[in-house]
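Peer 1: Before I ask anything, let me first share the structure, which is written out below as structure tokens.
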Amino acid sequence: MTGRAIRRSSELAVVERPDHAVILDLRLLDKPDPMHLDGTALAIWRAIDGQRDRTAIVAAVASVRVSSEDVEPDVASFLDDLERRGLIV
Amino acid sequence: MDGPTRRLAIADATPLAHAYAHAVAASLGVRMLSIKGPAAEYHEVPGPHVSADADLLIDPAGFSLVVDRLRVAGWRERPPMAGTEDWSEHSITLIRDGWPCDLGLHDRFPGFLEPPGVVFEALWRDRLPIEVAGRSVDIPSRDGTILIAALHALRRWPGFARGGAELAELRTRFGAGRLGASDQASLDALARETGCIESLDGALRDLGVTDATGSRRDDPPLRAWRARVAAGGTGTHFWLRRLERLPWRERPRALAYIIWPDEENLRRAHPWIAPGRRAADRERLARLGRGARNLPVAVWARVVARRPR
């Protein structure tokens, strides 16, 4: 692993179910809008374990979904989105 | 990939709501306990574990702060049907668009007759943190959770079979010597400290909670509690209580409203009624039937409320 390890924000409330997860950013007390994750988003979320970098996350998602080439753009876009929202650091 | 607009399920929303409410309280430095659902589940205390509400007991000194902060954050009070404003026993139910569960905010819990601040301190002292939605939230001790479950069940009994069943489950789970002597003594001590020995009225005798000694005077809160229990928590009881408080000249109009409320208020209290006047009339008739059936018990409860023991 060469890149920076990505971890979830410590300011989240998270409900994890077998087929989905719902996360709530507790920094935004005035805007409590839970985010629902399933499918590929859920696979990416579960791959964010505080140890993996972006490359490792792509590989982890590819191992349970499709090939690395296919998931790489989705993973990159979703991680960017999570980072922009402050849900991962 | 899914986004944040997907409809939130109650089973997911409730733990998130507990975690959220605790974060709000913590931001204000106000103490809060999650009661009923997560506490009952953690302590394996029988009762309603799955709830459409996140029930929270808040330090009375900071109650208004939390409510005001939540209002700023877009939560609003569920509008009650006119005339039922005083039914909620010092709790406020807040709702928010997109959230299928309510926030049930309490500064006291009915049946604890000591001052709310005394009760909260006693429950807070023995609190323990558990994890809900990945966050640490405080809940009452097992003793506190048992007392809350018993008082909650008593409010429904004998009007609702479920309350009686919940009490029976409590006795099965913790009665008949299943609690050791020291556990029984601590439960009894907490019941005394919080002033619910008289309100429990022997309901937890099997769990070692002693009977009332007569030390507490027959004060109005105890009489009000006994009336509520005798009525089984039915709406008829509360309507009778409201009628009694009105001047005689205002009673006929109030009675007409109680029997046949206007559609707007009816729908506010029963939001599940289908659209259309017929559906509203059907609910009015059903409501009237329920009221008539509950009337004898409710009248008896008012007698109990006036009668010293």
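Please note that chains go A, B, ... in the order of the structure tokens, that every chain numbers its residues from 1, and that ligands are numbered from 1 in the order shown.
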I'd like the neighbourhood of region 59-72 of chain B as a list in words, where a residue qualifies if any of its atoms comes within 8 Å (using only C-alpha atoms), though same-chain residues fewer than 5 positions away should be ignored.
Peer 2: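 With the cut-off at 8 Å, the set is Asp30 of chain A; Val24, Ala25, Leu28, Val30, Arg31, Met32, Leu105, His106, Asp107, Arg108, Pro116, Gly117 and Phe120 of chain B.
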Peer 1: Residues of chain A within 6 Å of chain B, counting only C-alpha atoms - could you list those as a PyMOL selection string?
Peer 2: chain A and resi 13-15+30+35-37+41
Peer 1: Which residues in region 234-291 of chain B does DSSP call helix (DSSP H, G or I)? List them as a ChimeraX atom specification.
Peer 2: /B:235-245,248-259,263-269,277-291
Peer 1: Rounded to one decimal in Å, what is the spacing between CA of Leu147 (chain B) and CA of Leu187 (chain B)?
Peer 2: 8.1 Å
Peer 1: Would you mind writing down, as a list in words, each residue of chain A that DSSP on the backbone assigns to strand (DSSP E or B)?
Peer 2: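 Selecting the strand (DSSP E or B) positions of chain A gives Arg8, Leu12, Ala13, Val14, Val15, Glu16, Ala21, Val22, Ile23, Leu24, Asp25, Met35, His36, Leu37 and Ile88 of chain A.
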Peer 1: Fewer than 6 positions away in the same chain doesn't count, so skip those; otherwise give me all residues within 8 Å of region 79-88 of chain A, counting only C-alpha atoms, as a list in words.
Peer 2: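 What passes the distance filter is Ile6, Arg7, Arg8, Ser9, Leu12 and Asp25 of chain A.
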Peer 1: Please save N, CA and C atoms of the selected residues as an mmCIF file, in the first residue's frame.
Peer 2:
```
data_model
loop_
_atom_site.group_PDB
_atom_site.id
_atom_site.type_symbol
_atom_site.label_atom_id
_atom_site.label_comp_id
_atom_site.auth_asym_id
_atom_site.auth_seq_id
_atom_site.Cartn_x
_atom_site.Cartn_y
_atom_site.Cartn_z
ATOM 1 N N ILE A 6 -7.353 5.610 4.157
ATOM 2 C CA ILE A 6 -8.596 6.372 4.265
ATOM 3 C C ILE A 6 -9.425 5.814 5.406
ATOM 4 N N ARG A 7 -9.904 6.688 6.231
ATOM 5 C CA ARG A 7 -10.740 6.215 7.342
ATOM 6 C C ARG A 7 -12.037 7.025 7.408
ATOM 7 N N ARG A 8 -13.004 6.421 8.073
ATOM 8 C CA ARG A 8 -14.295 7.100 8.220
ATOM 9 C C ARG A 8 -14.169 8.223 9.245
ATOM 10 N N SER A 9 -14.965 9.251 9.086
ATOM 11 C CA SER A 9 -14.998 10.327 10.068
ATOM 12 C C SER A 9 -15.434 9.757 11.418
ATOM 13 N N LEU A 12 -19.663 10.250 12.945
ATOM 14 C CA LEU A 12 -20.800 9.653 12.232
ATOM 15 C C LEU A 12 -21.601 8.732 13.136
ATOM 16 N N ASP A 25 -24.195 12.321 9.523
ATOM 17 C CA ASP A 25 -23.074 13.174 9.919
ATOM 18 C C ASP A 25 -23.495 14.018 11.124
#
```
Peer 1: Please indicate the distance in Å from CA of Leu29 (chain A) to CA of Leu94 (chain B), rounded to one decimal place.
Peer 2: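 Between CA of Leu29 (chain A) and CA of Leu94 (chain B) the gap works out to 14.9 Å.
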Peer 1: Write out as a VMD selection string which residues come within 10 Å of Gln51 (chain A) when counting only C-alpha atoms, dropping same-chain ones fewer than 3 positions away.
Peer 2: chain A and resid 1 4 to 7 47 to 48 56 to 57
Peer 1: Could the residues in this selection be saved with all heavy atoms as a PDB file, in the first residue's frame?
Peer 2:
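As a result, again.pdb now contains:
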```
ATOM      1  N   MET A   1       0.850  -1.185   0.000  1.00  0.00           N
ATOM      2  CA  MET A   1       0.000   0.000   0.000  1.00  0.00           C
ATOM      3  C   MET A   1       0.889   1.240   0.000  1.00  0.00           C
ATOM      4  O   MET A   1       1.763   1.379   0.838  1.00  0.00           O
ATOM      5  CB  MET A   1      -0.897  -0.037   1.242  1.00  0.00           C
ATOM      6  CG  MET A   1      -2.003   0.953   1.205  1.00  0.00           C
ATOM      7  SD  MET A   1      -3.244   0.595   2.477  1.00  0.00           S
ATOM      8  CE  MET A   1      -2.315   0.860   3.967  1.00  0.00           C
ATOM      9  N   ARG A   4      -2.282   7.194   0.963  1.00  0.00           N
ATOM     10  CA  ARG A   4      -2.738   7.506   2.322  1.00  0.00           C
ATOM     11  C   ARG A   4      -3.937   6.617   2.699  1.00  0.00           C
ATOM     12  O   ARG A   4      -4.872   6.454   1.922  1.00  0.00           O
ATOM     13  CB  ARG A   4      -3.157   8.980   2.343  1.00  0.00           C
ATOM     14  CG  ARG A   4      -3.687   9.489   3.662  1.00  0.00           C
ATOM     15  CD  ARG A   4      -3.982  10.984   3.563  1.00  0.00           C
ATOM     16  NE  ARG A   4      -4.922  11.306   2.491  1.00  0.00           N
ATOM     17  CZ  ARG A   4      -6.256  11.232   2.640  1.00  0.00           C
ATOM     18  NH1 ARG A   4      -6.783  10.847   3.795  1.00  0.00           N
ATOM     19  NH2 ARG A   4      -7.052  11.561   1.630  1.00  0.00           N
ATOM     20  N   ALA A   5      -3.865   6.063   3.892  1.00  0.00           N
ATOM     21  CA  ALA A   5      -4.990   5.242   4.356  1.00  0.00           C
ATOM     22  C   ALA A   5      -6.221   6.124   4.556  1.00  0.00           C
ATOM     23  O   ALA A   5      -6.106   7.255   5.044  1.00  0.00           O
ATOM     24  CB  ALA A   5      -4.627   4.546   5.657  1.00  0.00           C
ATOM     25  N   ILE A   6      -7.353   5.610   4.157  1.00  0.00           N
ATOM     26  CA  ILE A   6      -8.596   6.372   4.265  1.00  0.00           C
ATOM     27  C   ILE A   6      -9.425   5.814   5.406  1.00  0.00           C
ATOM     28  O   ILE A   6      -9.577   4.594   5.531  1.00  0.00           O
ATOM     29  CB  ILE A   6      -9.388   6.292   2.938  1.00  0.00           C
ATOM     30  CG1 ILE A   6      -8.578   6.994   1.831  1.00  0.00           C
ATOM     31  CG2 ILE A   6     -10.747   6.941   3.085  1.00  0.00           C
ATOM     32  CD1 ILE A   6      -9.173   6.850   0.458  1.00  0.00           C
ATOM     33  N   ARG A   7      -9.904   6.688   6.231  1.00  0.00           N
ATOM     34  CA  ARG A   7     -10.740   6.215   7.342  1.00  0.00           C
ATOM     35  C   ARG A   7     -12.037   7.025   7.408  1.00  0.00           C
ATOM     36  O   ARG A   7     -12.114   8.133   6.872  1.00  0.00           O
ATOM     37  CB  ARG A   7      -9.983   6.282   8.666  1.00  0.00           C
ATOM     38  CG  ARG A   7      -9.491   7.650   9.037  1.00  0.00           C
ATOM     39  CD  ARG A   7      -8.667   7.605  10.324  1.00  0.00           C
ATOM     40  NE  ARG A   7      -7.991   8.858  10.557  1.00  0.00           N
ATOM     41  CZ  ARG A   7      -8.570   9.932  11.089  1.00  0.00           C
ATOM     42  NH1 ARG A   7      -9.834   9.888  11.447  1.00  0.00           N
ATOM     43  NH2 ARG A   7      -7.893  11.054  11.261  1.00  0.00           N
ATOM     44  N   ALA A  47     -15.305  -1.264   2.534  1.00  0.00           N
ATOM     45  CA  ALA A  47     -13.864  -1.419   2.280  1.00  0.00           C
ATOM     46  C   ALA A  47     -13.051  -0.309   2.968  1.00  0.00           C
ATOM     47  O   ALA A  47     -11.827  -0.419   3.085  1.00  0.00           O
ATOM     48  CB  ALA A  47     -13.606  -1.408   0.779  1.00  0.00           C
ATOM     49  N   ILE A  48     -13.741   0.731   3.422  1.00  0.00           N
ATOM     50  CA  ILE A  48     -13.042   1.828   4.113  1.00  0.00           C
ATOM     51  C   ILE A  48     -12.853   1.413   5.574  1.00  0.00           C
ATOM     52  O   ILE A  48     -13.738   1.579   6.415  1.00  0.00           O
ATOM     53  CB  ILE A  48     -13.852   3.141   4.018  1.00  0.00           C
ATOM     54  CG1 ILE A  48     -14.073   3.524   2.556  1.00  0.00           C
ATOM     55  CG2 ILE A  48     -13.145   4.270   4.763  1.00  0.00           C
ATOM     56  CD1 ILE A  48     -15.068   4.650   2.361  1.00  0.00           C
ATOM     57  N   ALA A  56      -6.181   0.101  -2.744  1.00  0.00           N
ATOM     58  CA  ALA A  56      -6.598  -1.104  -2.024  1.00  0.00           C
ATOM     59  C   ALA A  56      -8.128  -1.175  -1.929  1.00  0.00           C
ATOM     60  O   ALA A  56      -8.715  -2.261  -1.965  1.00  0.00           O
ATOM     61  CB  ALA A  56      -5.974  -1.130  -0.641  1.00  0.00           C
ATOM     62  N   ILE A  57      -8.754  -0.006  -1.814  1.00  0.00           N
ATOM     63  CA  ILE A  57     -10.225   0.003  -1.755  1.00  0.00           C
ATOM     64  C   ILE A  57     -10.797  -0.460  -3.097  1.00  0.00           C
ATOM     65  O   ILE A  57     -11.732  -1.267  -3.147  1.00  0.00           O
ATOM     66  CB  ILE A  57     -10.748   1.408  -1.366  1.00  0.00           C
ATOM     67  CG1 ILE A  57     -10.427   1.682   0.115  1.00  0.00           C
ATOM     68  CG2 ILE A  57     -12.258   1.521  -1.601  1.00  0.00           C
ATOM     69  CD1 ILE A  57     -10.684   3.114   0.560  1.00  0.00           C
TER      70      ILE A  57
END
```
Peer 1: May I ask for the distance between CA of Gly144 (chain B) and CA of Arg76 (chain B), given in Å to one decimal place?
Peer 2: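 So the two atoms, CA of Gly144 (chain B) and CA of Arg76 (chain B), lie 29.2 Å apart.
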Peer 1: Can you tell me which residues surround region 73-76 of chain A at a distance of at most 8 Å, considering only C-alpha atoms, apart from same-chain residues fewer than 6 positions away, and format the answer as a list in words?
Peer 2: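 Listed by chain and then number, they are Ile44, Arg54, Ile57 and Val58 of chain A.
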